[in-house]
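J.: Following this line is model_5.cif, made up of mmCIF, C-alpha atoms:
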```
data_coords
loop_
_atom_site.label_atom_id
_atom_site.label_comp_id
_atom_site.auth_asym_id
_atom_site.auth_seq_id
_atom_site.Cartn_x
_atom_site.Cartn_y
_atom_site.Cartn_z
CA MET H 1 0.00 0.00 0.00
CA ASN H 2 1.30 3.44 -0.94
CA ILE H 3 1.13 5.47 2.29
CA VAL H 4 3.03 8.77 2.26
CA GLY H 5 4.17 10.63 5.37
CA LEU H 6 3.51 14.36 5.27
CA LEU H 7 5.61 16.32 7.78
CA LEU H 8 4.39 19.87 8.29
CA ALA H 9 7.49 21.94 9.04
CA ALA H 10 6.63 25.33 7.54
CA GLY H 11 4.90 26.95 10.50
CA SER H 12 5.98 30.01 12.41
CA ALA H 13 7.49 29.91 15.87
CA SER H 14 6.17 33.17 17.25
CA ARG H 15 5.49 31.86 20.77
CA PHE H 16 8.82 30.03 21.05
CA GLY H 17 10.94 33.13 20.57
CA SER H 18 13.30 31.56 18.01
CA ASP H 19 13.17 28.88 15.32
CA LYS H 20 11.76 26.09 17.46
CA LEU H 21 12.11 23.47 14.74
CA ARG H 22 15.90 23.93 14.75
CA HIS H 23 16.10 23.98 18.56
CA ALA H 24 18.16 21.03 19.78
CA LEU H 25 16.64 18.49 22.12
CA PRO H 26 18.83 17.32 25.06
CA HIS H 27 20.47 14.66 22.86
CA GLY H 28 21.47 17.30 20.29
CA VAL H 29 18.96 16.54 17.53
CA PRO H 30 16.75 19.43 16.37
CA ILE H 31 13.03 19.13 17.15
CA ALA H 32 11.93 18.85 13.50
CA ILE H 33 14.63 16.34 12.60
CA GLN H 34 13.61 14.09 15.50
CA ALA H 35 10.01 14.20 14.25
CA ALA H 36 11.23 13.43 10.71
CA ARG H 37 13.31 10.47 11.91
CA HIS H 38 10.35 8.90 13.68
CA LEU H 39 8.08 9.33 10.65
CA LYS H 40 10.71 8.12 8.18
CA GLY H 41 11.37 5.08 10.38
CA GLU H 42 7.79 3.90 9.80
CA LEU H 43 7.09 5.06 6.25
CA PRO H 44 9.25 4.63 3.15
CA ARG H 45 8.28 8.00 1.66
CA VAL H 46 8.12 11.20 3.67
CA ILE H 47 7.66 14.71 2.33
CA ALA H 48 8.64 17.60 4.60
CA VAL H 49 6.91 20.89 3.86
CA ILE H 50 9.30 23.76 4.60
CA LYS H 51 9.30 27.58 4.37
CA THR H 52 12.60 28.07 2.51
CA SER H 53 14.96 25.96 0.45
CA ALA H 54 17.68 26.64 3.04
CA GLU H 55 15.94 24.11 5.32
CA ALA H 56 15.92 21.31 2.76
CA ARG H 57 19.36 19.79 3.35
CA ASP H 58 18.73 18.62 6.92
CA PHE H 59 15.52 16.84 5.98
CA GLN H 60 17.03 15.36 2.82
CA GLN H 61 19.87 13.89 4.90
CA GLU H 62 17.17 12.01 6.83
CA GLY H 63 15.82 10.55 3.59
CA CYS H 64 12.87 12.93 3.29
CA GLU H 65 11.76 14.70 0.17
CA THR H 66 11.14 18.42 0.63
CA VAL H 67 8.81 20.97 -0.85
CA VAL H 68 8.86 24.71 -0.21
CA CYS H 69 5.39 26.04 0.55
CA ALA H 70 5.26 29.56 -0.85
CA ASN H 71 2.04 30.36 1.01
CA ALA H 72 2.92 28.73 4.35
CA HIS H 73 2.18 32.05 6.05
CA GLU H 74 -1.53 31.33 5.41
CA GLY H 75 -1.44 28.51 7.97
CA MET H 76 -1.50 24.77 8.44
CA GLY H 77 -4.20 24.18 5.83
CA ALA H 78 -2.04 25.75 3.14
CA SER H 79 0.96 23.66 4.24
CA LEU H 80 -1.07 20.45 4.23
CA ALA H 81 -2.45 21.24 0.77
CA CYS H 82 1.09 21.86 -0.46
CA ALA H 83 2.27 18.56 1.04
CA ALA H 84 -0.58 16.56 -0.47
CA HIS H 85 -0.04 18.16 -3.87
CA ALA H 86 3.68 17.31 -3.72
CA ALA H 87 2.91 13.71 -2.73
CA GLY H 88 0.36 13.25 -5.47
CA GLU H 89 -2.47 10.78 -5.24
CA ALA H 90 -1.64 7.93 -2.88
CA ASP H 91 -3.55 5.21 -1.06
CA ALA H 92 -3.24 7.17 2.17
CA TYR H 93 -1.28 9.81 4.06
CA VAL H 94 0.06 10.06 7.60
CA VAL H 95 0.10 13.73 8.55
CA ALA H 96 2.60 14.63 11.28
CA LEU H 97 3.67 17.92 12.83
CA ALA H 98 7.35 18.83 12.99
CA ASP H 99 6.95 20.40 16.42
CA MET H 100 5.90 17.04 17.93
CA PRO H 101 9.21 15.17 18.34
CA PHE H 102 8.01 12.95 21.17
CA VAL H 103 5.50 10.87 19.19
CA ARG H 104 6.66 7.26 19.51
CA PRO H 105 7.39 5.26 16.36
CA SER H 106 4.96 2.60 17.61
CA THR H 107 2.15 5.17 17.46
CA ILE H 108 3.03 6.10 13.88
CA ALA H 109 3.04 2.38 13.04
CA ALA H 110 -0.41 1.99 14.63
CA VAL H 111 -1.83 4.79 12.47
CA ARG H 112 -0.22 3.27 9.38
CA GLN H 113 -1.64 -0.16 10.25
CA ALA H 114 -5.14 1.27 10.69
CA LEU H 115 -4.91 2.73 7.18
CA GLU H 116 -3.61 -0.58 5.82
CA GLN H 117 -6.62 -2.29 7.38
CA GLY H 118 -9.00 0.02 5.55
CA ALA H 119 -9.54 2.99 7.86
CA ARG H 120 -10.48 6.13 5.97
CA LEU H 121 -9.37 8.31 8.87
CA ALA H 122 -7.31 7.31 11.91
CA ALA H 123 -5.87 9.14 14.89
CA PRO H 124 -4.20 8.20 18.17
CA TYR H 125 -5.95 9.07 21.43
CA PHE H 126 -4.12 9.59 24.70
CA ARG H 127 -6.41 9.79 27.73
CA ALA H 128 -9.39 10.57 25.50
CA ARG H 129 -7.56 13.42 23.70
CA ARG H 130 -7.09 13.19 19.96
CA GLY H 131 -3.47 13.56 18.96
CA HIS H 132 -1.11 13.30 16.02
CA PRO H 133 -0.19 11.95 13.57
CA VAL H 134 -3.45 11.62 11.68
CA GLY H 135 -4.06 9.04 8.97
CA ILE H 136 -6.11 10.12 5.97
CA ALA H 137 -7.16 7.84 3.11
CA GLY H 138 -6.35 8.82 -0.46
CA ALA H 139 -10.08 9.17 -1.13
CA TYR H 140 -9.74 12.60 0.54
CA TYR H 141 -6.95 13.77 -1.78
CA GLU H 142 -9.05 16.46 -3.51
CA GLU H 143 -10.15 17.84 -0.14
CA LEU H 144 -6.55 17.89 1.09
CA VAL H 145 -5.18 19.82 -1.88
CA SER H 146 -7.97 22.39 -1.59
CA LEU H 147 -7.32 23.21 2.11
CA ARG H 148 -6.57 26.80 3.07
CA GLY H 149 -6.13 28.83 6.23
CA ASP H 150 -4.88 27.69 9.59
CA GLU H 151 -7.29 24.89 10.41
CA GLY H 152 -5.46 22.02 8.73
CA ALA H 153 -7.56 18.86 8.47
CA ARG H 154 -9.67 19.59 11.58
CA HIS H 155 -12.82 20.27 9.55
CA LEU H 156 -12.29 17.12 7.48
CA LEU H 157 -12.00 15.05 10.66
CA SER H 158 -15.02 16.59 12.37
CA ALA H 159 -17.20 16.30 9.24
CA ASN H 160 -16.32 12.60 8.99
CA GLU H 161 -16.08 11.71 12.67
CA ALA H 162 -18.14 8.53 12.20
CA ARG H 163 -15.38 7.21 9.91
CA LEU H 164 -12.54 8.09 12.28
CA VAL H 165 -10.78 5.08 13.76
CA LYS H 166 -9.72 6.08 17.27
CA ILE H 167 -6.51 4.35 18.34
CA PRO H 168 -5.98 4.33 22.11
CA VAL H 169 -2.28 4.73 22.92
CA GLY H 170 -0.18 5.11 26.04
CA ASP H 171 1.96 7.67 24.22
CA PRO H 172 1.76 11.18 25.71
CA GLY H 173 3.84 12.43 22.78
CA VAL H 174 0.72 12.47 20.59
CA VAL H 175 -0.63 15.49 22.47
CA ARG H 176 2.68 17.18 23.27
CA ASP H 177 3.55 19.84 20.74
CA ILE H 178 6.29 22.35 21.37
CA ASP H 179 5.03 25.93 21.27
CA ARG H 180 7.16 27.55 24.01
CA PRO H 181 10.54 26.62 25.50
CA GLU H 182 8.85 25.45 28.70
CA ASP H 183 7.00 22.78 26.67
CA LEU H 184 10.27 20.88 26.37
CA ALA H 185 10.35 19.71 29.99
CA PRO H 186 9.27 17.86 32.01
CA PRO H 187 7.58 15.17 29.93
CA ILE H 188 4.03 14.06 30.64
CA ARG H 189 4.03 11.00 32.89
CA THR H 190 2.12 7.90 31.83
#
```
In structure tokens, write the structure found in this file.

T.:
Amino acid sequence: MNIVGLLLAAGSASRFGSDKLRHALPHGVPIAIQAARHLKGELPRVIAVIKTSAEARDFQQEGCETVVCANAHEGMGASLACAAHAAGEADAYVVALADMPFVRPSTIAAVRQALEQGARLAAPYFRARRGHPVGIAGAYYEELVSLRGDEGARHLLSANEARLVKIPVGDPGVVRDIDRPEDLAPPIRT
């Protein structure tokens, strides 16, 4: 099955105070690269959506394809549309956020497996909270490439909630995005 990972790495870091995606985690790996490594470890093809071509090299060294999103300033919907367009029609997509480096590879694998088993939409849930990454069947390709604004796929998920496969996980990383420096520590306890 052709499942493509879409890593959204073109957002702004206004609340972080600096480029959060390049901020090194305690083991020295930048936040976005850690997220890319986890996604690439579970999917053979990953496309990282970036703001400028200067960011491409780091993602390419991890085996990711890159695409510059000229209208990334419009928000996550624009970035997701750019990513889907770059991926082309596929059986499914796993949409991950570059500011979520603590998502476990096993969670990404669970979302991929749900798609392989026929889920049209799939998302991990930690303590009843929907998290990331989100699996989206290729049947939604046209909706993905037409997204705009800052909402991302939220409307798609809510409009099709009856089709959403909810995957319970013990992975707090699915709800832990990095918006401010204080979000880096301490980790959520399970």

J.: Once you count all atoms listed in the file, which residues end up no further than 9 Å from (6.1, 6.8, 8.3) in the file's frame, shown as a PyMOL selection string?

T.: chain H and resi 3-6+36-46+94+105+108-109+112

J.: Could the residues in this selection be saved with C-alpha atoms as a PDB file, in the coordinates of the input?

T.:
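Heads up, here's the output in out-v9.pdb:
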```pdb
ATOM      1  CA  ILE H   3       1.130   5.470   2.290  1.00  0.00           C
ATOM      2  CA  VAL H   4       3.030   8.770   2.260  1.00  0.00           C
ATOM      3  CA  GLY H   5       4.170  10.630   5.370  1.00  0.00           C
ATOM      4  CA  LEU H   6       3.510  14.360   5.270  1.00  0.00           C
ATOM      5  CA  ALA H  36      11.230  13.430  10.710  1.00  0.00           C
ATOM      6  CA  ARG H  37      13.310  10.470  11.910  1.00  0.00           C
ATOM      7  CA  HIS H  38      10.350   8.900  13.680  1.00  0.00           C
ATOM      8  CA  LEU H  39       8.080   9.330  10.650  1.00  0.00           C
ATOM      9  CA  LYS H  40      10.710   8.120   8.180  1.00  0.00           C
ATOM     10  CA  GLY H  41      11.370   5.080  10.380  1.00  0.00           C
ATOM     11  CA  GLU H  42       7.790   3.900   9.800  1.00  0.00           C
ATOM     12  CA  LEU H  43       7.090   5.060   6.250  1.00  0.00           C
ATOM     13  CA  PRO H  44       9.250   4.630   3.150  1.00  0.00           C
ATOM     14  CA  ARG H  45       8.280   8.000   1.660  1.00  0.00           C
ATOM     15  CA  VAL H  46       8.120  11.200   3.670  1.00  0.00           C
ATOM     16  CA  VAL H  94       0.060  10.060   7.600  1.00  0.00           C
ATOM     17  CA  PRO H 105       7.390   5.260  16.360  1.00  0.00           C
ATOM     18  CA  ILE H 108       3.030   6.100  13.880  1.00  0.00           C
ATOM     19  CA  ALA H 109       3.040   2.380  13.040  1.00  0.00           C
ATOM     20  CA  ARG H 112      -0.220   3.270   9.380  1.00  0.00           C
TER      21      ARG H 112
END
```

J.: Got a sec: who's within 10 Å of Leu25 of chain H, counting all atoms listed in the file, leaving out chain neighbours fewer than 6 positions off, as an mmCIF file with C-alpha atoms, in the coordinates of the input?

T.:
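This went into part_26.cif:
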```
data_model
loop_
_atom_site.group_PDB
_atom_site.id
_atom_site.type_symbol
_atom_site.label_atom_id
_atom_site.label_comp_id
_atom_site.auth_asym_id
_atom_site.auth_seq_id
_atom_site.Cartn_x
_atom_site.Cartn_y
_atom_site.Cartn_z
ATOM 1 C CA ILE H 31 13.030 19.130 17.150
ATOM 2 C CA ALA H 32 11.930 18.850 13.500
ATOM 3 C CA ILE H 33 14.630 16.340 12.600
ATOM 4 C CA GLN H 34 13.610 14.090 15.500
ATOM 5 C CA PRO H 101 9.210 15.170 18.340
ATOM 6 C CA LEU H 184 10.270 20.880 26.370
#
```

J.: Within 7 Å of Ile167 of chain H, counting only C-alpha atoms, which residues qualify if same-chain residues fewer than 6 places away don't, as a list in words?

T.: Ala123, Pro124 and Tyr125 of chain H

J.: So how many Å separate atom CA of Tyr140 of chain H and atom CA of Ile178 of chain H, to one decimal?

T.: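 Computing the Euclidean distance for atom CA of Tyr140 of chain H and atom CA of Ile178 of chain H yields 28.0 Å.
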
J.: Specify as a tab-separated table (two decimals) with C-alpha atoms, in the coordinates of the input each residue included when the PyMOL selection byres ((chain H and resi 67) around 9) is applied to this file.

T.:
```
chain	number	residue	atom	x	y	z
H	47	ILE	CA	7.66	14.71	2.33
H	48	ALA	CA	8.64	17.60	4.60
H	49	VAL	CA	6.91	20.89	3.86
H	50	ILE	CA	9.30	23.76	4.60
H	51	LYS	CA	9.30	27.58	4.37
H	52	THR	CA	12.60	28.07	2.51
H	53	SER	CA	14.96	25.96	0.45
H	56	ALA	CA	15.92	21.31	2.76
H	65	GLU	CA	11.76	14.70	0.17
H	66	THR	CA	11.14	18.42	0.63
H	68	VAL	CA	8.86	24.71	-0.21
H	69	CYS	CA	5.39	26.04	0.55
H	82	CYS	CA	1.09	21.86	-0.46
H	83	ALA	CA	2.27	18.56	1.04
H	86	ALA	CA	3.68	17.31	-3.72
```

J.: Work out how far atom CA of Arg176 of chain H is from atom CA of Asn160 of chain H, in Å to one decimal.

T.: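 Straight-line distance from atom CA of Asn160 of chain H to atom CA of Arg176 of chain H works out to 24.2 Å.
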
J.: Evaluate the PyMOL selection byres ((chain H and resi 143) around 12) on the structure here and hand back the selected residues as a VMD selection string.

T.: chain H and resid 77 to 78 80 to 82 84 to 85 89 136 to 142 144 to 148 152 to 157 159

J.: Step by step: start from the point (-8.0, 2.0, 9.6) in the file's coordinates, keep every protein, DNA or RNA residue that has an atom no farther than 10 Å from it, count only C-alpha atoms, and write the set as a ChimeraX atom specification.

T.: /H:110-123,135-137,163-167

J.: What's around Ala128 of chain H at 12 Å? Count only C-alpha atoms, leave out sequence neighbours fewer than 6 positions away in its own chain, and write the answer as a PyMOL selection string.

T.: chain H and resi 166-172+174-175

J.: Restricting the calculation to all atoms listed in the file, which member of H:Val134, H:Glu74, H:Ala35, H:Pro26 is positioned closest to Ala185 of chain H?

T.: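 Among the listed residues, the smallest separation from Ala185 of chain H belongs to H:Pro26.
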
J.: Just how far from atom CA of Leu21 of chain H is atom CA of Asp99 of chain H, in Å to one decimal?

T.: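 Between atom CA of Asp99 of chain H and atom CA of Leu21 of chain H the gap is 6.2 Å.
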